[in-house]
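See below for start.txt, which holds compact mmCIF, C-alpha atoms.
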```
# COMPACT_ATOMS: atom_id res chain seq x y z
CA VAL A 874 -10.42 -33.29 -71.01
CA MET A 875 -12.26 -31.24 -68.40
CA PRO A 876 -13.50 -27.96 -69.87
CA GLU A 877 -12.52 -25.97 -66.77
CA TRP A 878 -8.99 -27.41 -66.98
CA GLY A 879 -7.91 -28.02 -70.57
CA THR A 880 -4.56 -28.40 -72.32
CA GLU A 881 -3.47 -24.76 -72.15
CA ARG A 882 -4.23 -24.48 -68.45
CA GLN A 883 -2.36 -27.72 -67.81
CA LYS A 884 0.66 -26.17 -69.50
CA LYS A 885 0.43 -23.20 -67.12
CA ILE A 886 0.31 -25.62 -64.20
CA SER A 887 3.37 -27.41 -65.55
CA ASN A 888 5.29 -24.12 -65.54
CA ALA A 889 4.02 -23.00 -62.13
CA LYS A 890 6.47 -22.30 -59.32
CA VAL A 891 5.15 -22.79 -55.77
CA ALA A 892 7.06 -22.55 -52.50
CA VAL A 893 5.48 -24.49 -49.64
CA ILE A 894 6.58 -23.62 -46.12
CA GLY A 895 6.22 -26.62 -43.85
CA ALA A 896 5.44 -30.25 -44.61
CA GLY A 897 3.28 -31.32 -41.66
CA GLY A 898 -0.33 -32.44 -41.46
CA VAL A 899 -2.14 -29.90 -43.63
CA LYS A 900 0.81 -29.66 -46.01
CA SER A 901 0.97 -33.45 -46.44
CA THR A 902 -2.40 -33.51 -48.17
CA LEU A 903 -1.77 -30.20 -49.91
CA LEU A 904 1.57 -31.31 -51.35
CA LEU A 905 0.17 -34.64 -52.52
CA ALA A 906 -2.58 -32.76 -54.38
CA LEU A 907 -0.15 -30.29 -55.98
CA VAL A 908 2.16 -33.06 -57.11
CA ALA A 909 -0.63 -35.31 -58.40
CA GLY A 910 -2.11 -32.35 -60.29
CA GLY A 911 1.18 -31.60 -61.99
CA ILE A 912 2.40 -28.32 -60.44
CA GLY A 913 5.71 -28.19 -62.27
CA ASN A 914 8.08 -26.66 -59.73
CA ILE A 915 7.72 -27.08 -55.98
CA ARG A 916 10.09 -26.04 -53.23
CA ILE A 917 9.48 -27.56 -49.78
CA ILE A 918 10.95 -25.60 -46.87
CA GLU A 919 10.93 -27.70 -43.71
CA PHE A 920 13.54 -28.15 -40.97
CA ASP A 921 11.80 -30.62 -38.64
CA LYS A 922 12.20 -34.39 -38.27
CA VAL A 923 9.47 -37.04 -38.37
CA GLU A 924 8.15 -38.18 -34.98
CA LEU A 925 5.82 -41.03 -34.11
CA SER A 926 3.17 -38.57 -32.93
CA ASN A 927 3.08 -37.02 -36.43
CA LEU A 928 1.81 -40.13 -38.13
CA ASN A 929 -1.86 -39.81 -37.16
CA ARG A 930 -2.23 -36.94 -39.65
CA GLN A 931 1.00 -36.34 -41.61
CA ILE A 932 0.22 -38.85 -44.34
CA LEU A 933 3.41 -38.15 -46.31
CA TYR A 934 5.36 -40.21 -43.80
CA LYS A 935 5.59 -43.82 -42.60
CA THR A 936 7.07 -45.45 -39.51
CA ASP A 937 10.31 -46.01 -41.42
CA ASP A 938 10.67 -42.23 -41.71
CA ILE A 939 10.76 -41.61 -37.96
CA GLY A 940 13.91 -39.68 -37.09
CA LYS A 941 14.49 -38.54 -40.66
CA PHE A 942 14.21 -34.99 -41.94
CA LYS A 943 10.71 -34.31 -43.23
CA SER A 944 11.96 -32.35 -46.23
CA ILE A 945 13.97 -35.33 -47.47
CA SER A 946 11.28 -37.93 -46.78
CA ALA A 947 8.61 -35.73 -48.35
CA LYS A 948 10.62 -35.26 -51.53
CA LYS A 949 11.20 -39.01 -51.81
CA THR A 950 7.49 -39.82 -51.50
CA LEU A 951 6.34 -37.01 -53.78
CA SER A 952 8.96 -37.73 -56.45
CA SER A 953 7.80 -41.33 -56.50
CA LEU A 954 4.23 -40.10 -57.07
CA ASN A 955 5.20 -37.80 -59.94
CA PRO A 956 8.78 -38.05 -61.25
CA GLU A 957 8.03 -35.66 -64.14
CA ILE A 958 8.04 -32.47 -62.06
CA LYS A 959 10.79 -30.65 -60.19
CA ILE A 960 10.67 -30.99 -56.41
CA GLU A 961 13.27 -29.27 -54.29
CA SER A 962 13.67 -29.85 -50.55
CA ILE A 963 15.21 -27.20 -48.32
CA ASN A 964 16.16 -28.37 -44.85
CA GLU A 965 16.18 -24.92 -43.26
CA LYS A 966 14.06 -22.83 -40.96
CA LEU A 967 12.65 -19.77 -42.70
CA LEU A 968 14.13 -16.67 -41.04
CA ILE A 969 14.45 -12.98 -41.80
CA GLY A 970 18.01 -13.59 -42.95
CA ASN A 971 17.16 -16.22 -45.60
CA ILE A 972 13.58 -15.45 -46.64
CA ASP A 973 14.59 -13.49 -49.75
CA ASN A 974 16.76 -16.32 -50.96
CA LEU A 975 14.19 -19.03 -50.22
CA LEU A 976 11.05 -17.38 -51.62
CA SER A 977 12.25 -15.15 -54.46
CA GLY A 978 11.41 -16.40 -57.93
CA PHE A 979 8.24 -18.27 -56.99
CA ASP A 980 4.79 -17.37 -58.32
CA LEU A 981 2.84 -18.21 -55.18
CA ILE A 982 3.63 -19.06 -51.57
CA VAL A 983 1.85 -21.56 -49.35
CA GLU A 984 2.38 -20.10 -45.90
CA GLY A 985 3.09 -22.41 -43.01
CA GLY A 986 5.23 -20.85 -40.32
CA GLU A 987 5.70 -22.88 -37.16
CA SER A 988 4.96 -19.84 -34.99
CA PRO A 989 3.08 -16.53 -35.16
CA SER A 990 6.35 -14.73 -35.78
CA GLY A 991 7.10 -17.05 -38.70
CA ARG A 992 3.68 -16.55 -40.26
CA ASN A 993 3.92 -12.80 -39.82
CA LEU A 994 7.35 -12.78 -41.40
CA VAL A 995 5.91 -14.45 -44.52
CA ASN A 996 2.91 -12.13 -44.50
CA ASP A 997 5.14 -9.06 -44.40
CA TRP A 998 7.47 -10.41 -47.10
CA CYS A 999 4.60 -11.27 -49.44
CA LEU A 1000 3.00 -7.85 -48.98
CA LYS A 1001 6.30 -6.12 -49.61
CA ASN A 1002 6.94 -8.16 -52.77
CA SER A 1003 3.31 -8.26 -54.02
CA LYS A 1004 3.36 -12.05 -53.84
CA PRO A 1005 0.09 -13.98 -53.35
CA PHE A 1006 -0.05 -16.56 -50.59
CA VAL A 1007 -2.43 -19.21 -49.29
CA HIS A 1008 -3.00 -19.95 -45.62
CA ALA A 1009 -4.61 -23.26 -44.61
CA SER A 1010 -4.78 -24.45 -41.02
CA ALA A 1011 -6.39 -27.11 -38.83
CA GLN A 1012 -6.73 -27.56 -35.08
CA TYR A 1013 -8.72 -30.11 -33.11
CA SER A 1014 -11.65 -31.05 -35.41
CA TYR A 1015 -11.93 -27.80 -37.33
CA GLY A 1016 -9.98 -25.77 -39.84
CA TYR A 1017 -10.06 -22.92 -42.31
CA VAL A 1018 -8.42 -21.50 -45.42
CA PHE A 1019 -7.98 -18.08 -47.02
CA SER A 1020 -5.76 -16.36 -49.55
CA VAL A 1021 -4.00 -13.02 -49.56
CA ILE A 1022 -3.50 -11.21 -52.87
CA PRO A 1023 -1.49 -8.02 -52.34
CA LYS A 1024 -2.15 -6.68 -55.84
CA LYS A 1025 -5.86 -6.69 -55.01
CA LYS A 1026 -5.17 -5.09 -51.60
CA THR A 1027 -6.97 -7.90 -49.79
CA SER A 1028 -7.04 -8.53 -46.05
CA CYS A 1029 -3.65 -9.69 -44.83
CA PHE A 1030 -2.76 -12.19 -42.12
CA ALA A 1031 -2.65 -9.45 -39.50
CA CYS A 1032 -6.14 -8.31 -40.50
CA PHE A 1033 -7.42 -11.82 -39.77
CA PHE A 1034 -5.40 -12.22 -36.57
CA PRO A 1035 -4.80 -8.75 -35.12
CA ASN A 1036 -3.55 -10.11 -31.79
CA ASP A 1037 -0.95 -12.37 -33.39
CA HIS A 1038 1.29 -9.87 -35.15
CA THR A 1039 2.95 -9.01 -31.84
CA ARG A 1040 3.08 -12.55 -30.44
CA GLU A 1041 6.33 -14.47 -30.93
CA LYS A 1042 5.37 -18.01 -29.96
CA HIS A 1043 2.47 -20.43 -29.95
CA THR A 1044 0.33 -20.64 -26.85
CA GLY A 1045 1.10 -24.37 -26.93
CA PRO A 1046 0.57 -27.49 -29.03
CA VAL A 1047 -2.99 -28.60 -29.79
CA PRO A 1048 -4.30 -31.99 -30.94
CA VAL A 1049 -5.67 -32.43 -34.44
CA ASN A 1050 -6.96 -35.34 -36.49
CA VAL A 1051 -6.35 -36.52 -40.03
CA LEU A 1052 -9.84 -35.50 -41.16
CA SER A 1053 -9.20 -31.86 -40.29
CA THR A 1054 -5.74 -31.70 -41.83
CA SER A 1055 -6.84 -33.51 -44.99
CA ILE A 1056 -9.82 -31.22 -45.59
CA ALA A 1057 -7.76 -28.09 -44.89
CA GLY A 1058 -4.96 -29.35 -47.14
CA SER A 1059 -7.36 -30.07 -50.01
CA LEU A 1060 -8.97 -26.65 -49.68
CA GLY A 1061 -5.54 -25.02 -49.64
CA ALA A 1062 -4.48 -26.91 -52.76
CA THR A 1063 -7.69 -25.78 -54.45
CA GLU A 1064 -6.66 -22.16 -53.89
CA VAL A 1065 -3.31 -22.86 -55.54
CA PHE A 1066 -4.93 -24.46 -58.58
CA LYS A 1067 -7.44 -21.61 -58.89
CA TRP A 1068 -4.53 -19.19 -59.20
CA PHE A 1069 -2.81 -21.04 -62.03
CA LEU A 1070 -5.95 -22.22 -63.82
CA GLY A 1071 -7.14 -18.63 -64.19
CA TYR A 1072 -9.90 -18.60 -61.58
CA LYS A 1073 -8.41 -15.94 -59.35
CA ASP A 1074 -11.79 -14.23 -58.91
CA ASN A 1075 -13.04 -17.37 -57.17
CA MET A 1076 -10.29 -17.42 -54.55
CA ILE A 1077 -11.16 -17.04 -50.87
CA ILE A 1078 -10.17 -13.47 -50.05
CA ASN A 1079 -11.36 -11.08 -47.36
CA LYS A 1080 -12.98 -14.04 -45.59
CA LYS A 1081 -12.18 -17.46 -44.13
CA LEU A 1082 -13.78 -20.68 -45.35
CA CYS A 1083 -14.31 -22.69 -42.15
CA PHE A 1084 -15.34 -26.28 -41.51
CA SER A 1085 -15.77 -28.88 -38.78
CA SER A 1086 -14.53 -32.40 -39.51
CA LEU A 1087 -16.19 -34.06 -36.50
CA LEU A 1088 -18.64 -36.19 -38.49
CA MET A 1089 -19.13 -33.01 -40.53
CA SER A 1090 -21.33 -31.78 -37.70
CA GLU A 1091 -21.39 -28.29 -39.14
CA GLN A 1092 -21.71 -27.01 -42.68
CA PHE A 1093 -18.92 -25.19 -44.43
CA SER A 1094 -19.26 -21.53 -43.58
CA TYR A 1095 -17.61 -18.20 -44.24
CA ILE A 1096 -16.38 -15.69 -41.70
CA MET A 1097 -16.08 -12.33 -43.41
CA GLN A 1098 -12.97 -10.28 -42.77
CA PRO A 1099 -12.86 -6.97 -44.63
CA ARG A 1100 -9.45 -5.39 -44.78
CA ASN A 1101 -8.63 -3.34 -41.70
CA LYS A 1102 -7.63 0.05 -43.05
CA ASN A 1103 -5.78 0.68 -39.80
CA CYS A 1104 -3.88 -2.60 -39.90
CA PRO A 1105 -0.31 -1.79 -38.82
CA ILE A 1106 1.10 -4.28 -41.34
CA CYS A 1107 -0.63 -3.99 -44.70
CA LYS A 1108 -1.20 -0.23 -44.48
CA LYS A 1109 2.55 0.09 -45.00
CA TYR A 1110 2.19 -1.40 -48.47
CA TYR A 1111 -1.34 -0.60 -49.71
```
Is it possible to express this structure as structure tokens?
Amino acid sequence: VMPEWGTERQKKISNAKVAVIGAGGVKSTLLLALVAGGIGNIRIIEFDKVELSNLNRQILYKTDDIGKFKSISAKKTLSSLNPEIKIESINEKLLIGNIDNLLSGFDLIVEGGESPSGRNLVNDWCLKNSKPFVHASAQYSYGYVFSVIPKKKTSCFACFFPNDHTREKHTGPVPVNVLSTSIAGSLGATEVFKWFLGYKDNMIINKKLCFSSLLMSEQFSYIMQPRNKNCPICKKYY
């Protein structure tokens, strides 16, 4: 009934194919939004198991899920929310040897590598295959979201994080709260819906949309990031 949505756009959403890498805090909210909104085909790629410490922010899971694979528990919860769509769970870690098999055939990727090397692997694959992807993240009480659209030659992940494309591992775990992950997840889902609803010109490209969830002590703000023409990653493809 909404004029910016409509029947025809809903049909496009029903036929959409989205691969979501990871099913943690940010992805919990993001996946719930995609499923509730009727994204027709979703593949969840997640190899980790549910831990007690996850439950303060990973709202897909309950205490009964502790010790179970997230991919399986996530599919069960999401299928119960919307049994009319196709949800596929892949209990694997995304690697250079399986990335083609796991991501090929999908319209859009929601990036969520568990390490800088994992995120950079997805970035490189999406650039190579001209596949759009959304990146949403949260740490402590803040977070951000942006999209990369290779066909528009937008800033890539390495443009945003030039020191990360050579780093293999995280510097270490950081705390985060459910407010941050929920806001970041909702903003990430919004980017996905923009793509399929036909509002691609409104997507967050060449900049990050940033926020603070600590009593919303700061306004939403943008950090501009023009494409780095000397970026060692995307200059191979643009």
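Nearest-residue note for Asn914 (chain A): choosing from A:Ala947, A:Met1076, A:Val1049, A:Ile958, the minimum distance belongs to A:Ile958, counting all atoms listed in the file.
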For this session: Find the spatial neighbours of Asn964 (chain A), counting all atoms listed in the file, within a cut-off of 9 Å - ignore same-chain residues fewer than 6 positions away - and output them as JSON, numbers by chain.
Result: {"A": [917, 918, 919, 920, 921, 942, 943, 944, 945]}
Exercise. Neighbours of Lys1109 (chain A) within 10 Å (all atoms listed in the file; same-chain residues fewer than 4 positions away dropped), as an MDAnalysis selection string?
Worked result: chainID A and resid 997 1000:1001 1103:1105
For this session: Go through A:Thr1054, A:Ser990, A:Thr1027, A:Ser977 one by one, measure the shortest atom-to-atom distance of each to Gly897 (chain A) using all atoms listed in the file, and give the residue with the smallest value.
Result: A:Thr1054
For this session: Identify, on the basis of all atoms listed in the file, every residue whose closest approach to Leu975 (chain A) does not exceed 12 Å; exclude the query and any residue fewer than 4 positions from it along the same chain; express the result as a ChimeraX atom specification.
Result: /A:891-894,915-919,961-971,979,982,995,998
Exercise. Rounded to one decimal in Å, what is the spacing between CA of Met1097 (chain A) and CA of Leu981 (chain A)?
Worked result: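 Between CA of Met1097 (chain A) and CA of Leu981 (chain A) the gap is 23.0 Å.
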Exercise. Can you find the residues with an atom no farther than 7 Å from (1.9, -35.3, -49.6), counting all atoms listed in the file, and report them as a ChimeraX atom specification?
Worked result: /A:900-905,932-933,947,951
